[in-house]
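S.K.: If it helps, the file is called run-v5.pdb and holds PDB, C-alpha atoms, pLDDT in the B column:
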ATOM      1  CA  MET R   1       0.000   0.000   0.000  1.00 46.00           C
ATOM      2  CA  SER R   2       2.790   2.416   0.840  1.00 48.00           C
ATOM      3  CA  ASP R   3       6.213   2.613  -0.749  1.00 53.00           C
ATOM      4  CA  ASP R   4       7.843   1.166   2.352  1.00 74.00           C
ATOM      5  CA  GLN R   5       5.587  -1.879   2.312  1.00 85.00           C
ATOM      6  CA  PRO R   6       7.477  -5.025   3.393  1.00 94.00           C
ATOM      7  CA  ALA R   7       8.479  -7.470   0.652  1.00 96.00           C
ATOM      8  CA  ILE R   8       6.646 -10.343   2.345  1.00 98.00           C
ATOM      9  CA  THR R   9       2.849 -10.370   2.406  1.00 98.00           C
ATOM     10  CA  LEU R  10       1.148 -12.960   4.586  1.00 98.00           C
ATOM     11  CA  TYR R  11      -2.463 -13.875   3.887  1.00 98.00           C
ATOM     12  CA  ARG R  12      -3.849 -15.104   7.154  1.00 97.00           C
ATOM     13  CA  LEU R  13      -6.981 -15.818   9.114  1.00 96.00           C
ATOM     14  CA  GLN R  14      -7.380 -14.557  12.639  1.00 95.00           C
ATOM     15  CA  ALA R  15      -6.532 -17.289  15.193  1.00 95.00           C
ATOM     16  CA  CYS R  16      -5.624 -19.833  12.518  1.00 95.00           C
ATOM     17  CA  PRO R  17      -2.951 -22.045  14.137  1.00 96.00           C
ATOM     18  CA  PHE R  18      -1.237 -22.775  10.824  1.00 97.00           C
ATOM     19  CA  CYS R  19      -0.954 -19.043  10.193  1.00 97.00           C
ATOM     20  CA  GLU R  20       0.438 -18.412  13.670  1.00 97.00           C
ATOM     21  CA  ARG R  21       3.027 -21.096  13.014  1.00 97.00           C
ATOM     22  CA  VAL R  22       4.286 -19.078  10.045  1.00 98.00           C
ATOM     23  CA  VAL R  23       4.148 -15.822  12.014  1.00 97.00           C
ATOM     24  CA  ARG R  24       6.350 -17.380  14.677  1.00 97.00           C
ATOM     25  CA  VAL R  25       9.045 -18.174  12.115  1.00 97.00           C
ATOM     26  CA  LEU R  26       8.802 -14.711  10.537  1.00 97.00           C
ATOM     27  CA  GLU R  27       9.202 -13.164  13.979  1.00 97.00           C
ATOM     28  CA  GLU R  28      12.071 -15.453  14.947  1.00 96.00           C
ATOM     29  CA  LYS R  29      13.918 -14.463  11.807  1.00 96.00           C
ATOM     30  CA  GLY R  30      13.149 -10.783  12.270  1.00 96.00           C
ATOM     31  CA  LEU R  31      11.595 -10.578   8.806  1.00 96.00           C
ATOM     32  CA  ASN R  32       9.337  -7.661   7.961  1.00 96.00           C
ATOM     33  CA  TYR R  33       5.939  -8.694   6.705  1.00 97.00           C
ATOM     34  CA  GLN R  34       2.533  -7.215   6.102  1.00 97.00           C
ATOM     35  CA  SER R  35      -0.515  -9.239   7.129  1.00 97.00           C
ATOM     36  CA  ARG R  36      -3.680  -9.327   5.066  1.00 97.00           C
ATOM     37  CA  PHE R  37      -6.544 -10.833   7.021  1.00 97.00           C
ATOM     38  CA  VAL R  38      -9.082 -12.716   4.938  1.00 95.00           C
ATOM     39  CA  GLU R  39     -12.510 -14.271   5.247  1.00 84.00           C
ATOM     40  CA  PRO R  40     -13.186 -17.187   7.574  1.00 89.00           C
ATOM     41  CA  MET R  41     -15.464 -18.602   4.860  1.00 88.00           C
ATOM     42  CA  HIS R  42     -13.247 -20.714   2.641  1.00 88.00           C
ATOM     43  CA  SER R  43     -15.464 -20.150  -0.399  1.00 87.00           C
ATOM     44  CA  ASP R  44     -15.127 -16.369  -0.076  1.00 86.00           C
ATOM     45  CA  ARG R  45     -11.356 -16.243  -0.204  1.00 90.00           C
ATOM     46  CA  ASP R  46     -11.051 -15.348  -3.859  1.00 92.00           C
ATOM     47  CA  VAL R  47      -8.123 -13.035  -3.235  1.00 94.00           C
ATOM     48  CA  VAL R  48      -6.066 -15.952  -1.914  1.00 95.00           C
ATOM     49  CA  LYS R  49      -7.126 -18.110  -4.835  1.00 95.00           C
ATOM     50  CA  ARG R  50      -6.009 -15.444  -7.284  1.00 96.00           C
ATOM     51  CA  ILE R  51      -2.528 -15.140  -5.836  1.00 95.00           C
ATOM     52  CA  SER R  52      -1.808 -18.778  -4.947  1.00 95.00           C
ATOM     53  CA  GLY R  53      -4.264 -20.894  -6.930  1.00 95.00           C
ATOM     54  CA  LYS R  54      -5.805 -22.212  -3.699  1.00 94.00           C
ATOM     55  CA  ARG R  55      -8.106 -20.789  -1.085  1.00 94.00           C
ATOM     56  CA  THR R  56      -6.111 -22.067   1.866  1.00 95.00           C
ATOM     57  CA  VAL R  57      -4.255 -19.899   4.357  1.00 96.00           C
ATOM     58  CA  PRO R  58      -1.596 -19.226   5.287  1.00 97.00           C
ATOM     59  CA  ALA R  59      -0.219 -18.100   1.961  1.00 98.00           C
ATOM     60  CA  ILE R  60       2.757 -15.848   1.449  1.00 98.00           C
ATOM     61  CA  VAL R  61       3.988 -13.681  -1.379  1.00 98.00           C
ATOM     62  CA  ASP R  62       7.689 -12.893  -1.141  1.00 98.00           C
ATOM     63  CA  GLU R  63       8.775 -10.154  -3.516  1.00 97.00           C
ATOM     64  CA  ASN R  64      12.402 -10.733  -2.557  1.00 95.00           C
ATOM     65  CA  THR R  65      12.352 -14.037  -4.385  1.00 96.00           C
ATOM     66  CA  GLY R  66       9.177 -13.900  -6.482  1.00 97.00           C
ATOM     67  CA  VAL R  67       7.815 -16.876  -4.575  1.00 97.00           C
ATOM     68  CA  THR R  68       4.127 -17.401  -3.767  1.00 97.00           C
ATOM     69  CA  MET R  69       3.370 -20.356  -1.570  1.00 97.00           C
ATOM     70  CA  SER R  70       0.711 -22.008   0.614  1.00 96.00           C
ATOM     71  CA  GLU R  71       0.697 -24.750   3.266  1.00 97.00           C
ATOM     72  CA  SER R  72       2.352 -23.829   6.544  1.00 97.00           C
ATOM     73  CA  ALA R  73       4.886 -26.693   6.549  1.00 97.00           C
ATOM     74  CA  ASN R  74       6.067 -25.688   3.077  1.00 97.00           C
ATOM     75  CA  ILE R  75       6.241 -22.031   4.014  1.00 98.00           C
ATOM     76  CA  VAL R  76       8.215 -22.754   7.186  1.00 97.00           C
ATOM     77  CA  GLU R  77      10.654 -24.878   5.229  1.00 97.00           C
ATOM     78  CA  TYR R  78      10.950 -22.200   2.556  1.00 97.00           C
ATOM     79  CA  LEU R  79      11.634 -19.485   5.122  1.00 97.00           C
ATOM     80  CA  GLU R  80      14.197 -21.628   6.927  1.00 96.00           C
ATOM     81  CA  ASN R  81      16.030 -22.291   3.668  1.00 96.00           C
ATOM     82  CA  SER R  82      15.732 -18.823   2.138  1.00 95.00           C
ATOM     83  CA  TYR R  83      16.533 -16.826   5.233  1.00 95.00           C
ATOM     84  CA  GLU R  84      19.048 -19.082   6.888  1.00 86.00           C
ATOM     85  CA  GLY R  85      20.796 -17.221   9.651  1.00 72.00           C
ATOM     86  CA  ALA R  86      18.532 -14.177   9.386  1.00 67.00           C
ATOM     87  CA  ALA R  87      17.725 -12.265  12.589  1.00 61.00           C
TER      88      ALA R  87
ATOM     89  CA  MET K   1     -37.664  16.116   9.629  1.00 63.00           C
ATOM     90  CA  VAL K   2     -39.324  16.188  13.059  1.00 81.00           C
ATOM     91  CA  ASP K   3     -41.470  18.834  14.801  1.00 88.00           C
ATOM     92  CA  PHE K   4     -39.326  19.121  17.913  1.00 91.00           C
ATOM     93  CA  GLU K   5     -35.798  20.165  18.733  1.00 90.00           C
ATOM     94  CA  VAL K   6     -33.350  17.371  18.049  1.00 91.00           C
ATOM     95  CA  VAL K   7     -30.942  16.720  20.907  1.00 93.00           C
ATOM     96  CA  GLU K   8     -27.777  18.770  20.536  1.00 95.00           C
ATOM     97  CA  LEU K   9     -24.289  17.371  20.950  1.00 95.00           C
ATOM     98  CA  PRO K  10     -21.744  19.198  23.113  1.00 95.00           C
ATOM     99  CA  ASP K  11     -18.946  21.277  21.596  1.00 95.00           C
ATOM    100  CA  HIS K  12     -16.300  19.374  19.702  1.00 96.00           C
ATOM    101  CA  ASP K  13     -12.603  19.975  19.202  1.00 96.00           C
ATOM    102  CA  ALA K  14     -12.222  18.870  15.591  1.00 98.00           C
ATOM    103  CA  PRO K  15      -9.472  20.220  13.329  1.00 98.00           C
ATOM    104  CA  ALA K  16     -10.650  22.981  10.995  1.00 98.00           C
ATOM    105  CA  VAL K  17     -10.336  23.746   7.299  1.00 98.00           C
ATOM    106  CA  GLY K  18      -6.700  24.549   6.601  1.00 98.00           C
ATOM    107  CA  ASP K  19      -5.420  22.353   9.428  1.00 98.00           C
ATOM    108  CA  THR K  20      -3.476  19.180   8.762  1.00 98.00           C
ATOM    109  CA  ALA K  21      -5.542  16.126   9.637  1.00 98.00           C
ATOM    110  CA  PRO K  22      -3.779  13.909  12.215  1.00 98.00           C
ATOM    111  CA  ASP K  23      -2.244  10.787  10.746  1.00 98.00           C
ATOM    112  CA  PHE K  24      -3.091   7.368  12.172  1.00 98.00           C
ATOM    113  CA  THR K  25      -2.688   3.665  11.438  1.00 98.00           C
ATOM    114  CA  ARG K  26      -5.489   1.126  11.795  1.00 98.00           C
ATOM    115  CA  PRO K  27      -6.709  -1.993   9.995  1.00 98.00           C
ATOM    116  CA  LEU K  28      -8.153  -0.830   6.674  1.00 98.00           C
ATOM    117  CA  VAL K  29     -10.909  -3.045   5.333  1.00 98.00           C
ATOM    118  CA  GLU K  30     -11.524  -3.497   1.638  1.00 95.00           C
ATOM    119  CA  ASP K  31     -13.790  -5.974  -0.043  1.00 88.00           C
ATOM    120  CA  GLU K  32     -11.481  -8.991   0.212  1.00 92.00           C
ATOM    121  CA  TYR K  33      -9.142  -8.455   3.159  1.00 96.00           C
ATOM    122  CA  TRP K  34      -7.876  -5.983   5.697  1.00 98.00           C
ATOM    123  CA  GLU K  35      -4.395  -4.835   6.558  1.00 98.00           C
ATOM    124  CA  ASP K  36      -2.828  -2.099   8.633  1.00 98.00           C
ATOM    125  CA  ALA K  37      -2.644   1.152   6.711  1.00 98.00           C
ATOM    126  CA  SER K  38      -1.993   4.777   7.499  1.00 98.00           C
ATOM    127  CA  LEU K  39      -4.128   7.706   6.460  1.00 98.00           C
ATOM    128  CA  SER K  40      -0.971   9.205   4.948  1.00 98.00           C
ATOM    129  CA  ASP K  41      -0.553   6.073   2.771  1.00 97.00           C
ATOM    130  CA  LEU K  42      -3.911   6.936   1.237  1.00 98.00           C
ATOM    131  CA  THR K  43      -3.367  10.673   0.858  1.00 98.00           C
ATOM    132  CA  ASP K  44      -0.041   9.895  -0.820  1.00 97.00           C
ATOM    133  CA  ASP K  45      -2.182   8.378  -3.576  1.00 97.00           C
ATOM    134  CA  GLY K  46      -4.520  11.383  -3.821  1.00 98.00           C
ATOM    135  CA  PRO K  47      -7.249  13.288  -1.973  1.00 98.00           C
ATOM    136  CA  VAL K  48      -9.310  11.414   0.604  1.00 98.00           C
ATOM    137  CA  LEU K  49     -12.854  11.891   1.836  1.00 98.00           C
ATOM    138  CA  LEU K  50     -12.615  10.764   5.464  1.00 98.00           C
ATOM    139  CA  VAL K  51     -16.035   9.908   6.880  1.00 98.00           C
ATOM    140  CA  PHE K  52     -16.467   9.189  10.567  1.00 98.00           C
ATOM    141  CA  HIS K  53     -19.724   7.428  11.245  1.00 98.00           C
ATOM    142  CA  THR K  54     -21.695   5.489  13.811  1.00 98.00           C
ATOM    143  CA  MET K  55     -21.082   1.788  14.324  1.00 97.00           C
ATOM    144  CA  ASP K  56     -22.040   0.003  11.162  1.00 97.00           C
ATOM    145  CA  GLY K  57     -25.381  -1.405  12.271  1.00 93.00           C
ATOM    146  CA  ALA K  58     -26.830   1.984  13.240  1.00 96.00           C
ATOM    147  CA  PHE K  59     -29.007   3.683  10.638  1.00 96.00           C
ATOM    148  CA  PRO K  60     -26.919   6.891  10.274  1.00 96.00           C
ATOM    149  CA  ALA K  61     -24.052   4.837   8.833  1.00 97.00           C
ATOM    150  CA  THR K  62     -26.420   3.430   6.227  1.00 96.00           C
ATOM    151  CA  TYR K  63     -27.919   6.863   5.434  1.00 96.00           C
ATOM    152  CA  ILE K  64     -24.581   8.582   5.008  1.00 97.00           C
ATOM    153  CA  TRP K  65     -23.045   5.928   2.790  1.00 97.00           C
ATOM    154  CA  ASN K  66     -26.169   5.376   0.693  1.00 96.00           C
ATOM    155  CA  ASN K  67     -26.307   9.096  -0.007  1.00 97.00           C
ATOM    156  CA  LEU K  68     -22.641   9.379  -0.873  1.00 97.00           C
ATOM    157  CA  ARG K  69     -22.907   6.305  -3.079  1.00 96.00           C
ATOM    158  CA  ASP K  70     -26.024   7.568  -4.861  1.00 95.00           C
ATOM    159  CA  ARG K  71     -24.272  10.867  -5.658  1.00 95.00           C
ATOM    160  CA  GLY K  72     -21.285   8.998  -7.057  1.00 95.00           C
ATOM    161  CA  VAL K  73     -18.918  10.609  -4.561  1.00 97.00           C
ATOM    162  CA  PRO K  74     -16.804   7.450  -4.077  1.00 96.00           C
ATOM    163  CA  ASP K  75     -16.235   7.422  -7.857  1.00 96.00           C
ATOM    164  CA  ASP K  76     -14.561  10.842  -7.703  1.00 97.00           C
ATOM    165  CA  VAL K  77     -12.365  10.597  -4.611  1.00 98.00           C
ATOM    166  CA  GLN K  78     -10.928   7.907  -2.356  1.00 98.00           C
ATOM    167  CA  ALA K  79     -13.782   7.433   0.117  1.00 98.00           C
ATOM    168  CA  VAL K  80     -12.724   6.150   3.499  1.00 98.00           C
ATOM    169  CA  GLY K  81     -14.916   5.425   6.501  1.00 98.00           C
ATOM    170  CA  VAL K  82     -14.041   5.100  10.168  1.00 98.00           C
ATOM    171  CA  SER K  83     -16.126   3.510  12.895  1.00 98.00           C
ATOM    172  CA  ILE K  84     -15.741   1.386  15.991  1.00 98.00           C
ATOM    173  CA  SER K  85     -17.089  -1.659  14.169  1.00 98.00           C
ATOM    174  CA  SER K  86     -14.848  -4.654  13.703  1.00 97.00           C
ATOM    175  CA  PRO K  87     -13.295  -5.532  10.340  1.00 97.00           C
ATOM    176  CA  TYR K  88     -15.841  -8.340   9.986  1.00 95.00           C
ATOM    177  CA  GLU K  89     -18.742  -5.908  10.253  1.00 96.00           C
ATOM    178  CA  HIS K  90     -17.058  -3.499   7.867  1.00 97.00           C
ATOM    179  CA  LYS K  91     -16.724  -6.215   5.237  1.00 94.00           C
ATOM    180  CA  THR K  92     -20.389  -7.095   5.544  1.00 94.00           C
ATOM    181  CA  PHE K  93     -21.454  -3.458   5.371  1.00 96.00           C
ATOM    182  CA  LEU K  94     -19.383  -2.690   2.277  1.00 94.00           C
ATOM    183  CA  ALA K  95     -20.667  -5.793   0.514  1.00 91.00           C
ATOM    184  CA  GLU K  96     -24.322  -5.302   1.428  1.00 92.00           C
ATOM    185  CA  ARG K  97     -24.414  -1.570   0.616  1.00 90.00           C
ATOM    186  CA  GLU K  98     -22.300  -1.978  -2.519  1.00 91.00           C
ATOM    187  CA  VAL K  99     -20.260   1.000  -1.435  1.00 92.00           C
ATOM    188  CA  ASP K 100     -16.975   1.529  -3.257  1.00 95.00           C
ATOM    189  CA  ALA K 101     -15.059   2.593  -0.161  1.00 97.00           C
ATOM    190  CA  ARG K 102     -12.621   1.310   2.393  1.00 98.00           C
ATOM    191  CA  PHE K 103     -13.218   1.482   6.132  1.00 98.00           C
ATOM    192  CA  PHE K 104     -10.797   1.820   8.999  1.00 98.00           C
ATOM    193  CA  SER K 105     -11.651  -0.168  12.120  1.00 98.00           C
ATOM    194  CA  ASP K 106     -11.106   1.775  15.359  1.00 98.00           C
ATOM    195  CA  PRO K 107     -12.885  -0.196  18.112  1.00 98.00           C
ATOM    196  CA  ALA K 108     -11.309   1.754  20.988  1.00 98.00           C
ATOM    197  CA  ALA K 109     -12.184   5.082  19.299  1.00 98.00           C
ATOM    198  CA  GLY K 110      -8.618   6.334  19.696  1.00 98.00           C
ATOM    199  CA  ILE K 111      -8.944   8.279  16.460  1.00 98.00           C
ATOM    200  CA  ALA K 112     -12.052   9.976  17.838  1.00 98.00           C
ATOM    201  CA  THR K 113      -9.903  11.255  20.694  1.00 98.00           C
ATOM    202  CA  GLU K 114      -7.178  12.310  18.253  1.00 98.00           C
ATOM    203  CA  TYR K 115      -9.716  14.271  16.190  1.00 98.00           C
ATOM    204  CA  GLY K 116     -11.663  15.703  19.131  1.00 98.00           C
ATOM    205  CA  ILE K 117     -14.907  14.050  18.063  1.00 98.00           C
ATOM    206  CA  GLU K 118     -15.633  11.497  20.757  1.00 97.00           C
ATOM    207  CA  ASN K 119     -19.255  10.554  21.247  1.00 97.00           C
ATOM    208  CA  ASP K 120     -19.996   8.763  24.523  1.00 95.00           C
ATOM    209  CA  LEU K 121     -23.116   6.751  23.907  1.00 95.00           C
ATOM    210  CA  ASP K 122     -25.894   7.092  26.456  1.00 93.00           C
ATOM    211  CA  ASP K 123     -26.739   3.867  28.274  1.00 93.00           C
ATOM    212  CA  MET K 124     -24.286   1.744  26.300  1.00 95.00           C
ATOM    213  CA  ALA K 125     -21.809   1.413  29.144  1.00 96.00           C
ATOM    214  CA  GLY K 126     -18.166   1.605  28.134  1.00 96.00           C
ATOM    215  CA  ILE K 127     -18.815   2.461  24.490  1.00 97.00           C
ATOM    216  CA  THR K 128     -17.486   5.620  22.912  1.00 98.00           C
ATOM    217  CA  GLU K 129     -17.707   6.023  19.181  1.00 98.00           C
ATOM    218  CA  HIS K 130     -16.916   8.707  16.614  1.00 98.00           C
ATOM    219  CA  ARG K 131     -19.229  11.665  16.281  1.00 98.00           C
ATOM    220  CA  PRO K 132     -20.325  11.729  12.658  1.00 98.00           C
ATOM    221  CA  ALA K 133     -17.948  13.998  10.736  1.00 98.00           C
ATOM    222  CA  VAL K 134     -16.615  14.432   7.214  1.00 98.00           C
ATOM    223  CA  PHE K 135     -13.192  15.770   6.270  1.00 98.00           C
ATOM    224  CA  LEU K 136     -11.998  16.256   2.711  1.00 98.00           C
ATOM    225  CA  LEU K 137      -8.200  16.034   2.624  1.00 98.00           C
ATOM    226  CA  ASP K 138      -5.766  16.930  -0.124  1.00 98.00           C
ATOM    227  CA  GLU K 139      -2.544  15.022  -0.802  1.00 98.00           C
ATOM    228  CA  SER K 140      -0.811  16.712   2.128  1.00 98.00           C
ATOM    229  CA  ARG K 141      -3.706  15.917   4.499  1.00 98.00           C
ATOM    230  CA  GLU K 142      -4.735  19.567   4.606  1.00 98.00           C
ATOM    231  CA  ILE K 143      -8.434  19.842   5.350  1.00 98.00           C
ATOM    232  CA  GLN K 144     -10.326  21.365   2.399  1.00 98.00           C
ATOM    233  CA  TYR K 145     -13.847  20.846   3.713  1.00 98.00           C
ATOM    234  CA  ARG K 146     -15.228  19.888   7.080  1.00 98.00           C
ATOM    235  CA  TRP K 147     -18.559  18.957   8.524  1.00 98.00           C
ATOM    236  CA  VAL K 148     -19.076  17.828  12.133  1.00 98.00           C
ATOM    237  CA  ALA K 149     -22.399  16.654  13.581  1.00 98.00           C
ATOM    238  CA  GLU K 150     -23.961  19.137  15.994  1.00 97.00           C
ATOM    239  CA  ALA K 151     -27.066  17.156  16.849  1.00 96.00           C
ATOM    240  CA  TRP K 152     -27.955  13.540  17.440  1.00 95.00           C
ATOM    241  CA  PRO K 153     -28.589  12.539  14.809  1.00 95.00           C
ATOM    242  CA  ASP K 154     -27.213  14.980  12.252  1.00 96.00           C
ATOM    243  CA  PHE K 155     -26.265  14.548   8.606  1.00 97.00           C
ATOM    244  CA  PRO K 156     -24.000  16.426   6.223  1.00 98.00           C
ATOM    245  CA  ASP K 157     -25.344  18.385   3.281  1.00 98.00           C
ATOM    246  CA  TYR K 158     -24.443  15.798   0.680  1.00 97.00           C
ATOM    247  CA  ASP K 159     -24.548  18.294  -2.169  1.00 96.00           C
ATOM    248  CA  ASP K 160     -21.987  20.415  -0.313  1.00 97.00           C
ATOM    249  CA  VAL K 161     -19.782  17.351   0.102  1.00 98.00           C
ATOM    250  CA  ALA K 162     -20.097  16.479  -3.582  1.00 97.00           C
ATOM    251  CA  ALA K 163     -19.368  20.099  -4.551  1.00 97.00           C
ATOM    252  CA  ALA K 164     -16.273  20.191  -2.338  1.00 98.00           C
ATOM    253  CA  VAL K 165     -15.029  17.020  -4.009  1.00 97.00           C
ATOM    254  CA  SER K 166     -15.672  18.537  -7.454  1.00 96.00           C
ATOM    255  CA  ASP K 167     -13.750  21.677  -6.462  1.00 96.00           C
ATOM    256  CA  LEU K 168     -10.573  19.755  -5.624  1.00 93.00           C
TER     257      LEU K 168
END
Could you quickly redo this structure as structure tokens?
M.R.:
Amino acid sequence: MSDDQPAITLYRLQACPFCERVVRVLEEKGLNYQSRFVEPMHSDRDVVKRISGKRTVPAIVDENTGVTMSESANIVEYLENSYEGAA
Amino acid sequence: MVDFEVVELPDHDAPAVGDTAPDFTRPLVEDEYWEDASLSDLTDDGPVLLVFHTMDGAFPATYIWNNLRDRGVPDDVQAVGVSISSPYEHKTFLAEREVDARFFSDPAAGIATEYGIENDLDDMAGITEHRPAVFLLDESREIQYRWVAEAWPDFPDYDDVAAAVSDL
């Protein structure tokens, strides 16, 4: 939204444990991210579908690498590998 | 409208035309998601019509936004609402009213304090909301037009609002 928007955007659902799992890793690594909170109703999450092809959250868009990804285990693994030693 | 005196609101302390509107950051709700955003993020993109209104379920919120929508105001300027309603309620309101606007969620009414437009609601213990008010801001957040409710309820002159937007 602003010019200083973080490179990582996290699509998340309030109180979703899989999303919080990703947040924990982002925080541990000291990575800047911007959260976009989406609809609890799976069928209404068109914005997530458009960016990732699926309606599941969490999903991240990382402009540092051009990666868009869903599934918390995959995202955690991606962050661990891409930002090894960060923070 | 009615054949008796409508209840007046006390004096307010809102910024005036020519003042710089205070900046703030809150969750900004659009049709598909919400994310933290600053008022200055929006004014950086162009003028903003900042509309403080009652919580979303109350009829004045519906009246104000229906009237702005029907005059096409949100087509001519970034239209931005603020109320104490949660992001979930904002999403429902925007979808149901088909209003092309984005709403900030300010449940603790901190922005009402910042703008000097708090409205303590009678017999709703613990709830303060924003007194209805409209500010038209240019790209530097300078106030070009202002309306602040003086009665309860009170509504802006929508033609004046539309004219102020046209004059930008």
S.K.: Expressed in Å to a single decimal, how great is the separation between CA of Ser82 in chain R and CA of Asp46 in chain R?
M.R.: 27.7 Å
S.K.: Kindly resolve the PyMOL selection byres ((chain K) within 8 of (chain R)) on the present coordinates and return the residues as a list in words.
M.R.: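 Evaluating the PyMOL selection byres ((chain K) within 8 of (chain R)) on this file yields Glu32, Tyr33, Trp34, Glu35, Asp36, Ala37 and Asp41 of chain K.
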S.K.: Write out the residues from the selection above, keeping C-alpha atoms, as a tab-separated table (two decimals), in the coordinates of the input.
M.R.:
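Contents of the output file result-v4.tsv:
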chain	number	residue	atom	x	y	z
K	32	GLU	CA	-11.48	-8.99	0.21
K	33	TYR	CA	-9.14	-8.46	3.16
K	34	TRP	CA	-7.88	-5.98	5.70
K	35	GLU	CA	-4.39	-4.84	6.56
K	36	ASP	CA	-2.83	-2.10	8.63
K	37	ALA	CA	-2.64	1.15	6.71
K	41	ASP	CA	-0.55	6.07	2.77
S.K.: Care to translate the PyMOL selection byres ((chain R and resi 33) around 7) into actual residues of this file, as a PDB file with C-alpha atoms, in the coordinates of the input?
M.R.:
ATOM      1  CA  PRO R   6       7.477  -5.025   3.393  1.00 94.00           C
ATOM      2  CA  ALA R   7       8.479  -7.470   0.652  1.00 96.00           C
ATOM      3  CA  ILE R   8       6.646 -10.343   2.345  1.00 98.00           C
ATOM      4  CA  THR R   9       2.849 -10.370   2.406  1.00 98.00           C
ATOM      5  CA  LEU R  10       1.148 -12.960   4.586  1.00 98.00           C
ATOM      6  CA  LEU R  31      11.595 -10.578   8.806  1.00 96.00           C
ATOM      7  CA  ASN R  32       9.337  -7.661   7.961  1.00 96.00           C
ATOM      8  CA  GLN R  34       2.533  -7.215   6.102  1.00 97.00           C
ATOM      9  CA  SER R  35      -0.515  -9.239   7.129  1.00 97.00           C
TER      10      SER R  35
END
S.K.: Contacts of range 15-30 of chain K at 7 Å or less, counting all atoms listed in the file, minus same-chain residues fewer than 3 places along, as a list in words?
M.R.: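 Residues near the query, excluding close chain neighbours: Tyr33, Trp34, Glu35, Asp36, Ala37, Ser38, Leu39, Ser40, Pro87, His90, Lys91, Arg102, Phe103, Phe104, Ser105, Asp106, Tyr115, Arg141, Glu142, Ile143, Gln144, Tyr145 and Arg146 of chain K.
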S.K.: One decimal, Å: what's the distance from CA of Ala108 in chain K over to CA of Arg131 in chain K, could you say?
M.R.: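 Separation between CA of Ala108 in chain K and CA of Arg131 in chain K: 13.5 Å.
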S.K.: I'd like to see the residues matched by the PyMOL selection byres ((chain K and resi 69) around 12) on this file, and ideally I'd get them as a PyMOL selection string.
M.R.: chain K and resi 62-68+70-77+79+94+97-101+158+161-162
S.K.: Would you pick out the contacts of Val48 in chain K at 7 Å or less, using only C-alpha atoms, so that residues sharing its chain but fewer than 6 positions from it are not included, and give the list as a PyMOL selection string?
M.R.: chain K and resi 77-80+136-138
S.K.: Excluding Glu5 in chain K and residues on its chain fewer than 4 positions from it, collect all residues at most 12 Å away from it, counting all atoms listed in the file, and give them as a VMD selection string.
M.R.: chain K and resid 1 151 to 154
S.K.: Taking all atoms of range 51-64 of chain K that the file lists and extending 3 Å past them on each side, where is the centre of the axis-aligned box and how long are its edges? Answer in Å to one decimal, as JSON.
M.R.:
{"center_x": -22.5, "center_y": 4.3, "center_z": 9.7, "size_x": 19.0, "size_y": 17.3, "size_z": 15.3}
S.K.: Determine, counting all atoms listed in the file, which protein, DNA and RNA residues have an atom within 6 Å of an atom of range 63-74 of chain R; residues of the same chain fewer than 3 positions away are not included. Present the result as a PyMOL selection string.
M.R.: chain R and resi 7+18+58-60+77
S.K.: Work out how far CA of Leu49 in chain K is from CA of His130 in chain K, in Å to one decimal.
M.R.: 15.7 Å
S.K.: Can you pull out the residues contacting Ala61 in chain K? Cut-off 10 Å, using all atoms listed in the file, and skip same-chain residues under 5 positions away; I want them as an MDAnalysis selection string.
M.R.: chainID K and resid 51:56 66 81 83 93 132 155
